[in-house]
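**Q** Here it is, the structure, as structure tokens.
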Amino acid sequence: MNHHKVRLILAYIISFMPFNKLRCFFYNKALGYKVVNSYIGWATVMAVNYAEIIESSIGKGNKFIGPMKVIVNRNSKIGGMNSFICGWWVKEEKFKSVGYECCLYIGKETLI
């Protein structure tokens with residue numbers, strides 16, 4: 001099984017943990033993300049290459065999936081049931097020359 005599928009399975013397991021502190025702890029420890037003083041809603045799946053969420057709130061049922069870097073800056077809020085998906089096709093050899101950055105950057109004090 002490739003590491004993308006393992007990351008996705010782990011992210012789904014973590015997303016259904018009953019408490020925010022557990023979800024944040026395991027996103028940090030198991031997947032190597034940087035979630036600091038933030039709320040990650042129940043059933044929010046984060047299966048990305050890198051995530052940094054600082055003093056922000058992400059509602060329930062969101063999906064962050066794909067070979068991307070996710071940065072959510074201070075005091076930002078993302079409501080529930082949003083999908084931020086980057087297809088794995090962007091990493092195919094034929095697209096390397098295009099130079100896709102694969103980054104979701106949410107500035108501070110942003111509301112989605």
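Please note that chains go A, B, ... in the order of the structure tokens, that every chain numbers its residues from 1, and that ligands are numbered from 1 in the order shown.
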Assign secondary structure with DSSP using the backbone only, and return the residues of chain A in helix (DSSP H, G or I) as an MDAnalysis selection string.
**A** chainID A and resid 3:15 20:31 88:91 93:98
**Q** Those residues you just picked out, can you put them in a file as a compact mmCIF listing (two decimals), in the first residue's frame with N, CA, C and O atoms?
**A**
# COMPACT_ATOMS: atom_id res chain seq x y z
N HIS A 3 2.13 5.25 0.44
CA HIS A 3 2.00 6.15 1.59
C HIS A 3 0.82 7.12 1.49
O HIS A 3 0.32 7.59 2.50
N HIS A 4 0.33 7.39 0.28
CA HIS A 4 -0.84 8.27 0.13
C HIS A 4 -2.08 7.61 0.72
O HIS A 4 -2.87 8.26 1.41
N LYS A 5 -2.24 6.32 0.45
CA LYS A 5 -3.40 5.60 0.97
C LYS A 5 -3.31 5.43 2.49
O LYS A 5 -4.31 5.55 3.19
N VAL A 6 -2.10 5.17 2.99
CA VAL A 6 -1.91 5.04 4.43
C VAL A 6 -2.26 6.36 5.12
O VAL A 6 -2.96 6.38 6.14
N ARG A 7 -1.79 7.48 4.55
CA ARG A 7 -2.09 8.79 5.11
C ARG A 7 -3.60 9.05 5.10
O ARG A 7 -4.15 9.58 6.08
N LEU A 8 -4.27 8.68 4.04
CA LEU A 8 -5.72 8.88 3.93
C LEU A 8 -6.46 8.04 4.97
O LEU A 8 -7.37 8.54 5.65
N ILE A 9 -6.06 6.80 5.15
CA ILE A 9 -6.70 5.94 6.15
C ILE A 9 -6.48 6.50 7.55
O ILE A 9 -7.42 6.59 8.35
N LEU A 10 -5.25 6.90 7.86
CA LEU A 10 -4.96 7.49 9.17
C LEU A 10 -5.79 8.76 9.40
O LEU A 10 -6.33 8.98 10.48
N ALA A 11 -5.87 9.60 8.37
CA ALA A 11 -6.62 10.85 8.49
C ALA A 11 -8.10 10.58 8.77
O ALA A 11 -8.72 11.29 9.58
N TYR A 12 -8.68 9.58 8.12
CA TYR A 12 -10.08 9.23 8.38
C TYR A 12 -10.26 8.74 9.81
O TYR A 12 -11.22 9.12 10.50
N ILE A 13 -9.33 7.91 10.28
CA ILE A 13 -9.41 7.42 11.66
C ILE A 13 -9.32 8.58 12.65
O ILE A 13 -10.13 8.70 13.58
N ILE A 14 -8.35 9.46 12.44
CA ILE A 14 -8.16 10.61 13.32
C ILE A 14 -9.40 11.51 13.30
O ILE A 14 -9.82 12.02 14.33
N SER A 15 -9.98 11.70 12.13
CA SER A 15 -11.11 12.63 12.01
C SER A 15 -12.32 12.22 12.84
O SER A 15 -13.13 13.07 13.21
N ASN A 20 -11.53 17.21 20.24
CA ASN A 20 -10.63 18.06 19.46
C ASN A 20 -9.17 17.85 19.86
O ASN A 20 -8.30 17.75 19.00
N LYS A 21 -8.90 17.78 21.15
CA LYS A 21 -7.51 17.62 21.60
C LYS A 21 -6.89 16.33 21.05
O LYS A 21 -5.72 16.32 20.68
N LEU A 22 -7.67 15.26 21.00
CA LEU A 22 -7.17 14.01 20.42
C LEU A 22 -6.91 14.16 18.93
O LEU A 22 -5.88 13.70 18.42
N ARG A 23 -7.85 14.78 18.23
CA ARG A 23 -7.66 14.97 16.78
C ARG A 23 -6.41 15.79 16.52
O ARG A 23 -5.57 15.41 15.69
N CYS A 24 -6.24 16.90 17.22
CA CYS A 24 -5.06 17.76 17.02
C CYS A 24 -3.78 17.01 17.38
O CYS A 24 -2.79 17.07 16.65
N PHE A 25 -3.80 16.29 18.50
CA PHE A 25 -2.62 15.53 18.93
C PHE A 25 -2.19 14.54 17.85
O PHE A 25 -1.02 14.49 17.47
N PHE A 26 -3.13 13.75 17.34
CA PHE A 26 -2.77 12.73 16.36
C PHE A 26 -2.46 13.31 14.99
O PHE A 26 -1.62 12.75 14.27
N TYR A 27 -3.09 14.41 14.61
CA TYR A 27 -2.67 15.06 13.36
C TYR A 27 -1.22 15.53 13.48
O TYR A 27 -0.44 15.40 12.54
N ASN A 28 -0.86 16.03 14.64
CA ASN A 28 0.53 16.47 14.86
C ASN A 28 1.50 15.30 14.92
O ASN A 28 2.53 15.29 14.23
N LYS A 29 1.19 14.31 15.74
CA LYS A 29 2.14 13.21 16.00
C LYS A 29 2.16 12.15 14.90
O LYS A 29 3.21 11.69 14.50
N ALA A 30 1.00 11.74 14.43
CA ALA A 30 0.93 10.65 13.45
C ALA A 30 1.22 11.12 12.02
O ALA A 30 1.83 10.40 11.24
N LEU A 31 0.79 12.35 11.70
CA LEU A 31 0.95 12.82 10.32
C LEU A 31 1.96 13.96 10.19
O LEU A 31 2.22 14.43 9.09
N TRP A 88 -3.99 13.96 -7.46
CA TRP A 88 -2.63 13.40 -7.53
C TRP A 88 -2.05 13.48 -8.93
O TRP A 88 -0.85 13.37 -9.12
N TRP A 89 -2.89 13.71 -9.92
CA TRP A 89 -2.41 13.81 -11.29
C TRP A 89 -1.41 14.94 -11.47
O TRP A 89 -0.58 14.91 -12.37
N VAL A 90 -1.45 15.99 -10.61
CA VAL A 90 -0.54 17.12 -10.76
C VAL A 90 0.92 16.71 -10.56
O VAL A 90 1.82 17.43 -10.96
N LYS A 91 1.13 15.55 -9.95
CA LYS A 91 2.50 15.07 -9.71
C LYS A 91 3.00 14.15 -10.83
O LYS A 91 4.14 13.69 -10.77
N GLU A 93 4.59 12.93 -14.30
CA GLU A 93 5.77 13.41 -15.02
C GLU A 93 5.43 14.44 -16.09
O GLU A 93 6.11 15.44 -16.24
N LYS A 94 4.34 14.22 -16.82
CA LYS A 94 4.00 15.13 -17.92
C LYS A 94 3.60 16.52 -17.46
O LYS A 94 3.57 17.45 -18.25
N PHE A 95 3.31 16.70 -16.16
CA PHE A 95 2.93 18.01 -15.65
C PHE A 95 4.04 18.70 -14.86
O PHE A 95 3.86 19.82 -14.40
N LYS A 96 5.18 18.07 -14.70
CA LYS A 96 6.28 18.67 -13.91
C LYS A 96 6.75 19.99 -14.48
O LYS A 96 7.08 20.91 -13.74
N SER A 97 6.76 20.12 -15.79
CA SER A 97 7.24 21.36 -16.40
C SER A 97 6.27 22.53 -16.18
O SER A 97 6.65 23.69 -16.28
N VAL A 98 5.02 22.24 -15.85
CA VAL A 98 4.03 23.29 -15.62
C VAL A 98 4.33 24.04 -14.32
O VAL A 98 4.10 25.23 -14.22
**Q** Might you pull out every residue within 10 Å of Arg74 (chain A), with only C-alpha atoms counted and same-chain residues fewer than 3 positions away left off, and present them as number ranges by chain?
**A** A: 36-38, 53-57, 71, 77, 106-110
**Q** So which residues touch region 63-70 of chain A within 6 Å, counting only C-alpha atoms, skipping near sequence neighbours fewer than 5 positions away, as a compact mmCIF listing (two decimals) with N, CA and C atoms, in the first residue's frame?
**A**
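The resulting file, around.txt, is reproduced below:
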# COMPACT_ATOMS: atom_id res chain seq x y z
N THR A 44 -13.50 16.00 10.08
CA THR A 44 -12.69 16.77 9.13
C THR A 44 -11.45 15.95 8.82
N VAL A 45 -11.29 15.62 7.56
CA VAL A 45 -10.21 14.75 7.10
C VAL A 45 -9.11 15.61 6.49
N MET A 46 -7.90 15.47 7.02
CA MET A 46 -6.73 16.18 6.47
C MET A 46 -5.69 15.15 6.05
N ALA A 47 -5.65 14.87 4.76
CA ALA A 47 -4.69 13.91 4.21
C ALA A 47 -3.88 14.64 3.13
N VAL A 48 -2.95 15.49 3.60
CA VAL A 48 -2.14 16.32 2.71
C VAL A 48 -0.66 16.11 3.04
N ASN A 49 0.21 16.67 2.22
CA ASN A 49 1.63 16.53 2.47
C ASN A 49 2.09 17.27 3.72
N TYR A 50 1.51 18.44 3.96
CA TYR A 50 1.90 19.27 5.09
C TYR A 50 0.73 20.16 5.47
N ALA A 51 0.52 20.35 6.77
CA ALA A 51 -0.53 21.25 7.23
C ALA A 51 -0.02 22.05 8.42
N SER A 83 -14.72 21.19 0.74
CA SER A 83 -13.72 20.26 0.20
C SER A 83 -12.63 21.05 -0.50
N PHE A 84 -11.39 20.78 -0.10
CA PHE A 84 -10.21 21.37 -0.72
C PHE A 84 -9.38 20.19 -1.21
N ILE A 85 -9.49 19.89 -2.49
CA ILE A 85 -8.88 18.67 -3.01
C ILE A 85 -7.95 19.00 -4.17
N CYS A 86 -6.74 18.48 -4.07
CA CYS A 86 -5.74 18.60 -5.13
C CYS A 86 -5.53 17.19 -5.68
N GLY A 87 -5.79 17.01 -6.95
CA GLY A 87 -5.66 15.69 -7.55
C GLY A 87 -4.20 15.24 -7.65
N CYS A 102 0.70 23.62 -5.75
CA CYS A 102 -0.06 22.74 -4.85
C CYS A 102 -0.06 23.25 -3.42
N CYS A 103 -0.54 24.47 -3.22
CA CYS A 103 -0.57 25.07 -1.89
C CYS A 103 -1.91 25.77 -1.68
N LEU A 104 -2.51 25.51 -0.52
CA LEU A 104 -3.70 26.22 -0.10
C LEU A 104 -3.29 27.13 1.03
**Q** Rank nothing, just name the residue among A:Glu92, A:Tyr105, A:Pro18, A:Tyr33 nearest to Lys60 (chain A), using only C-alpha atoms.
**A** A:Pro18
**Q** Hey, what does DSSP flag as strand (DSSP E or B) within chain A? Can you give it to me as a ChimeraX atom specification?
**A** /A:34-36,39-40,45-54,57-58,63-72,77-78,83-85,103-106,111
**Q** To one decimal in Å, tell me the separation between CA of Ala43 (chain A) and CA of Met17 (chain A).
**A**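 So the two atoms, CA of Ala43 (chain A) and CA of Met17 (chain A), lie 8.2 Å apart.
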**Q** So which one's closest to Lys34 (chain A), A:Tyr100, A:Glu52, A:Phe16, A:Leu111? Using only C-alpha atoms, please.
**A**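 Looking only at the distances to Lys34 (chain A), the closest residue turns out to be A:Glu52.
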**Q** In Å, with one decimal, what is the gap from CA of Trp42 (chain A) to CA of Asn73 (chain A)?
**A** 20.1 Å
